[in-house]
Each structure stands twice: as structure tokens, then as C-alpha cells.
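The structure under discussion appears below in the form of C-alpha cells.
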Amino acid sequence: MQYQSISPLSKQFLWGAATAAYQCEGAKLEDGKGLSIVDLNINPKFADTSVTTDHYHRYKEDVALMKELGLKAYRFSIAWPRIFPNGDGIINQKGLDFYRNLIDELVKNGIEPLVTLYHFDLPKALQDKYQGWSSRQVIDDFFHFSKTVIDEFSDSVTHWFTINEQSNMFALPYLLVFDENDTRSIEEQKYQMNHYMTVAHAKVVEYCRTQYPSHKIGPAIGLSPYYAASALPEDVLATQVCADFKTYFFMDLYFKGEYKANIWKYILEQGYNLDILEEDLALMKSAKPNLLGINYYQSTMVRACPETEVAQDVAIDENGAKQAIFETAPGRYQVIQNPNLNTTPWGWEIDPIGLRILLNDIYARYPVPIIITENGIGGQESLDENNTVDDSYRIEYLSEHLDALTQSVNDGVDVVGYCPWSFMDLLSTSSGFNKRYGFVYVNRTDKELLDLARYKKKSFYWYQSLIQSATK
Ligand code: BG6
């Protein structure tokens with residue numbers, strides 16, 4: 001399918017691409033960097049986070065490719081343990097220097113840096129010290145890290161994302177670490193961690209909005225539209241409940257600063273005894289994000305679920321990786337396959353119209369400017385005889401999603417940027433280098449480092465010409 005209708009997007013539209021620190025930087029323990037929980041969580045069957053794509057050493061070459069691609073913006077994350085190897089305490093100057101150099105290189109090349117402050121990589125030292133996100137102490141430490149970074153780079157960075165995919169960390173608990181000695185259920189621990197994360201986010205938003213009023217800051221959240229499996233009222237109700245737990249719960253915390261009534265009731269019914277202070281709620285109310293990052297990959301179909309079903313949410317695939325499955329929440333909802341949609345080889349449902357449905361719904365409820373901070377399709381790829389990759393399936397996927405985005409802008413939604421996942425091949429969180437997302441192929445496999453050379457895929461040229469024609 002040919003992408004045609006780019007007209008409603010403004011000349012300032014942020015044509016971008018995204019990555020995250022632990023997935024592309026490598027240099028896991030170099031120049032003073034400390035370990036993060038994600039370094040430990042990545043399945044050892046995959047390439048580990050030691051080298052990944054070696055972006056730490058090759059950032060200049062990578063920024064040159066971004067420039068050639070025509071990017072106006074680049075979304076990346078700053079690794080907390082690179083700045084504070086122990087999570088708190090002494091700053092690692094070499095860590096700051098790396099990001100200063102990267103940011104300067106981007107700005108020099110006319111590329112707007114969009115910075116994520118937390119992308120799954122809590123310093124391991126804080127996990128060891130006080131169980132990380134399970135402790136109230138993390139709020140102050142995250143704030144201190146974020147304040148350090150914002151103050152340091154506020155001259156060049158004006159767009160900030162606090163926390164990446166809080167909703168998915170909640171849904172896929174392998175992105176967090178739980179205390180084996182904690183007598184509370186995993187779910188109760190998750191609600192507690194989620195609360196501290198929300199307050200930590202709010203504290204950073206409040207600071208940034210007060211100190212840097214011209215800056216934009218908000219969460220980057222993984223979202224999906226929810227479809228009822230049928231017009232049976234039971235299915236429609238279950239779909240509403242599912243959307244409340246998976247989307248509006250988080251969105252209300254961020255944008256209204258409050259717990260949704262039905263989620264609060266659920267927490268009480270479960271007998272969870274959460275540490276939530278009046279002052280937390282006051283802070284959440286006063287912090288007002290003025291930007292929303294949305295990561296969109298797929299839609300979700302839902303039906304009613306009897307109390308008698310067995311609860312389940314994560315499965316282990318044949319490579320030993322933990323994957324999301326069709327979640328069953330007895331008495332609330334059950335997620336099932338949508339027979340109307342094609343899927344990726346990993347079973348992710350492909351639904352461009354879902355992006356328009358999602359954007360229109362979210363913007364109607366929470367009207368702040370939106371940047372699509374992730375959207376893309378993973379595939380198993382290797383170089384062909386011409387040293388490129390014919391990833392026409394990716395071009396089709398991105399074209400159709402951009403078309404939906406454009407129509408959503410026509411519907412009145414304020415989408416100001418689009419950052420496909422990912423700029424270059426990187427370590428997929430669930431599947432290593434077996435699942436590639438980039439416009440740029442990186443010559444390595446999970447087991448062999450090879451020469452890590454960069455090669456432009458067919459989609460690189462497609463995106464380049466799209467950006468050129470949209471901005472001329
Ligand atoms: C998002 C994350 O959930 O999805 C990324 O923010 C991740 O870090 C991306 O890589 C794709 O998921 P996966 O598991 O296919 O790499």
C-alpha cells in the first residue's frame with residue numbers, strides 16, 4: 001500500500017525514530033557504569049547487554065545515519081546506572097559526558113533529542129539496597145537522578161518522557177524484580193511498586209513544569225484499544241473493565257492524579273494494604289504532564305470470564321523467554337485472539353485502524369499533545385547478497401499505521417511526532433536479535449558479534465523519501 005495523505009501533518013512534525021539505552025548502547029560495565037536490573041533480567045540465551053549494537057562507541061556513525069535518514073527527532077533513554085552507578089551518591093562524570101556528546105551530535109545535525117528517563121533499567125544497587133521499586137526510598141532517588149539529568153541537559157533537551165511503559169511493567173512483571181522474602185502476593189507488590197512509580201513520575205513532572213515551563217514532559221505508555229469479542233452485554237462490560245485496568249487506571253493516575261473508583265474498590269476488596277500517603281495524592285493532583293508518549297503495537301480483544309477460570313498472564317516460549325499471553329482475569333475479563341487480524345510471527349496482532357481508534361479515544365479523554373514514541377514490527381532478518389534487507393513487510397506496516405495516524409490528525413487529534421521502533425536493530429526485550437525492528441541492519445546475531453557494521457534496509461530509503469516529501 002502506498003502512503004499518500006501526509007498533508008495534515010505540520011512542517012514542524014517530529015519525524016523520528018526510537019531506541020532505549022540497554023537495548024543498543026552496550027558498554028555494560030564501561031566507564032564506570034553500574035549494572036541495572038534489566039541487565040540481569042535479559043534471558044541469557046540471547047546476546048546479553050554487554051555489547052548489543054555498540055552504540056556507546058559508534059554513536060557518531062549512528063547519528064550520521066539518522067541525519068541521512070532525515071530524522072527531525074530521536075527518542076532514546078538515559079541509563080540511570082550510567083549516571084549513578086550506585087543509583088544514588090556520586091555522579092559518574094563519564095556517563096554524563098557520553099550523553100552530552102550524543103546530545104551535542106544530535107543538535108549539531110538538526111535532530112531534536114527526545115529523552116526517556118526510565119526504560120526498565122533500575123540500578124541493581126538500589127534493588128540490592130532496598131528492593132528497588134518496592135521501597136518508598138526509590139521516589140527520592142529517581143527524582144534526584146532525573147533532576148540531575150534535566151538540569152544538566154535543559155539547554156539542549158526540551159522534551160522529556162518520565163517512565164516508559166509503566167502499564168507493561170505492571171502487566172509483564174519480568175520487567176521488575178520482586179522480593180522473594182516478601183510475604184505479600186506478587187499482585188499486591190505490583191500495586192505498591194506502581195504507586196511509588198506514579199509518585200516518582202509526578203515529582204519529576206512537577207519539578208520540570210515549575211523550573212522549565214517551556215519544556216514538555218509526560219509519560220511514555222504502552223497502550224492498546226480494547227474490542228469486545230461480541231455484542232453480548234457481558235462481553236462489552238468485560239471489555240470496559242479490561243480497558244479500565246490496563247489503560248485508564250494508568251492514564252487517570254498520570255493525568256487526573258487519582259485512582260479510578262473501580263480499581264480502588266478492587267484494591268480494597270483484595271485486602272491490599274498499600275502505603276499511600278495524603279501528600280502522594282496531593283502531588284499526583286498538582287503534577288500536570290503536558291505531553292503524552294504512546295507506544296502502540298497491537299489491539300486487544302476481550303470477552304467475559306467466569307470466576308471459575310484459572311488466572312494466567314505470562315507464558316514461557318520455546319526459547320525460555322517470558323511472553324505475554326492472552327490474559328485471563330477470572331470474574332473480570334479474558335483476552336482472546338481477534339480472528340479478523342493478521343499477526344506477526346510472534347502472534348502480535350497487526351491493526352493500523354486500532355491506532356486511530358486509540359488516538360481518538362485517548363485524546364478525547366486526556367487532551368494533551370501526543371508523540372507516538374514506539375510503533376513497529378519485528379522480524380527475523382539477515383543480509384541478502386546485496387548487503388541489504390528487503391523489509392517490505394515493515395514498509396507496509398509503518399505506511400498503514402502512518403495513514404491511520406494522519407486520519408486521526410484529520411479527526412482533530414494533536415499528534416506532534418512519530419518515532420517508529422526502532423532506528424536500528426537492537427536487542428529485543430523478549431527475543432534478542434532474533435527479532436529485528438530497525439531501519440538499519442546491524443551485523444551481528446545473538447551468538448556472534450561479527451563486525452557490527454550498519455546496513456540500510458529497504459525501509460530506510462522508504463522512510464527517507466517520506467520525510468523528504470513531507471517536509472519540503
Ligand atoms: C516496548 C518496549 O514494550 O516494546 C521496548 O518499550 C521493546 O523496549 C518493544 O523492545 C518491543 O518489544 P520486544 O519484546 O519485541 O522487543
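As shown in the C-alpha cells, the chain order sets the letters A, B, ...; within each chain, residues go from 1, and ligands are also counted from 1 in the order they appear.
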
Given 9 Å and only C-alpha atoms and all ligand atoms, residues near ligand 1 as a PyMOL selection string: chain A and resi 19-20+22-23+119-120+164-165+168-169+220-222+295-297+323+346+373-378+421-422+426-432+435-437

All helix (DSSP H, G or I) residues (DSSP, backbone) inside region 346-382 of chain A, as number ranges by chain: A: 352-365

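The residue set within 7 Å of Leu106 (chain A), counting only C-alpha atoms and dropping same-chain residues fewer than 6 places from it, reads A:Val63, A:Glu112, A:Pro113.
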
For CA of Arg75 (chain A) and CA of Pro369 (chain A), the interatomic separation in Å (one decimal):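 Going from CA of Arg75 (chain A) over to CA of Pro369 (chain A), I get 16.0 Å.
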
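For the set A:His215, A:Gln337, A:Ala47, A:Asp252, the residue with the smallest atom-to-atom gap to Asn434 (chain A) is A:Ala47, counting only C-alpha atoms.
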
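Shortest atom-to-atom contact with Cys24 (chain A) among A:Arg136, A:Lys285, A:Arg58, A:Arg303: A:Arg58, counting only C-alpha atoms.
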
Shortest interatomic distance to Leu223 (chain A) - which of A:Asp361, A:Glu206, A:Asp88, A:Asp97, counting only C-alpha atoms: A:Asp361

Residues of region 378-461 of chain A in strand (DSSP E), written as JSON, numbers by chain: {"A": [415, 416, 417, 418, 440, 441, 442, 454, 455, 456]}

Report the closest atom pair, with its distance in Å rounded to one decimal, for each residue of region 323-403 of chain A that has an atom no farther than 8 Å from region 449-461 of chain A; count only C-alpha atoms, sort by chain and then rising residue number, and write it as JSON lines.
```
{"residue": "A:Asn387", "atom": "CA", "partner": "A:Tyr455", "partner_atom": "CA", "distance": 6.9}
{"residue": "A:Thr388", "atom": "CA", "partner": "A:Lys457", "partner_atom": "CA", "distance": 5.3}
{"residue": "A:Val389", "atom": "CA", "partner": "A:Lys457", "partner_atom": "CA", "distance": 4.8}
{"residue": "A:Asp390", "atom": "CA", "partner": "A:Lys458", "partner_atom": "CA", "distance": 5.3}
{"residue": "A:Asp391", "atom": "CA", "partner": "A:Lys458", "partner_atom": "CA", "distance": 5.9}
{"residue": "A:Ser392", "atom": "CA", "partner": "A:Ser459", "partner_atom": "CA", "distance": 6.9}
{"residue": "A:Arg394", "atom": "CA", "partner": "A:Ser459", "partner_atom": "CA", "distance": 6.8}
{"residue": "A:Ile395", "atom": "CA", "partner": "A:Ser459", "partner_atom": "CA", "distance": 5.6}
```

Take the selection from the previous step and output its residues with N, CA and C atoms, as an mmCIF file, in the first residue's frame.
```
data_model
loop_
_atom_site.group_PDB
_atom_site.id
_atom_site.type_symbol
_atom_site.label_atom_id
_atom_site.label_comp_id
_atom_site.auth_asym_id
_atom_site.auth_seq_id
_atom_site.Cartn_x
_atom_site.Cartn_y
_atom_site.Cartn_z
ATOM 1 N N ASN A 387 23.793 -6.954 0.359
ATOM 2 C CA ASN A 387 24.060 -6.316 1.647
ATOM 3 C C ASN A 387 22.936 -5.390 2.104
ATOM 4 N N THR A 388 21.732 -5.826 1.871
ATOM 5 C CA THR A 388 20.590 -5.082 2.388
ATOM 6 C C THR A 388 19.526 -6.081 2.832
ATOM 7 N N VAL A 389 18.416 -5.555 3.303
ATOM 8 C CA VAL A 389 17.298 -6.400 3.729
ATOM 9 C C VAL A 389 16.045 -5.861 3.050
ATOM 10 N N ASP A 390 15.339 -6.727 2.351
ATOM 11 C CA ASP A 390 14.077 -6.305 1.744
ATOM 12 C C ASP A 390 12.975 -6.474 2.792
ATOM 13 N N ASP A 391 12.769 -5.425 3.562
ATOM 14 C CA ASP A 391 11.767 -5.494 4.632
ATOM 15 C C ASP A 391 10.470 -4.798 4.197
ATOM 16 N N SER A 392 9.973 -5.229 3.036
ATOM 17 C CA SER A 392 8.734 -4.612 2.511
ATOM 18 C C SER A 392 7.585 -4.753 3.512
ATOM 19 N N ARG A 394 7.730 -4.391 6.601
ATOM 20 C CA ARG A 394 7.830 -3.286 7.567
ATOM 21 C C ARG A 394 7.299 -1.978 6.942
ATOM 22 N N ILE A 395 7.633 -1.783 5.661
ATOM 23 C CA ILE A 395 7.149 -0.582 4.971
ATOM 24 C C ILE A 395 5.618 -0.582 4.962
#
```
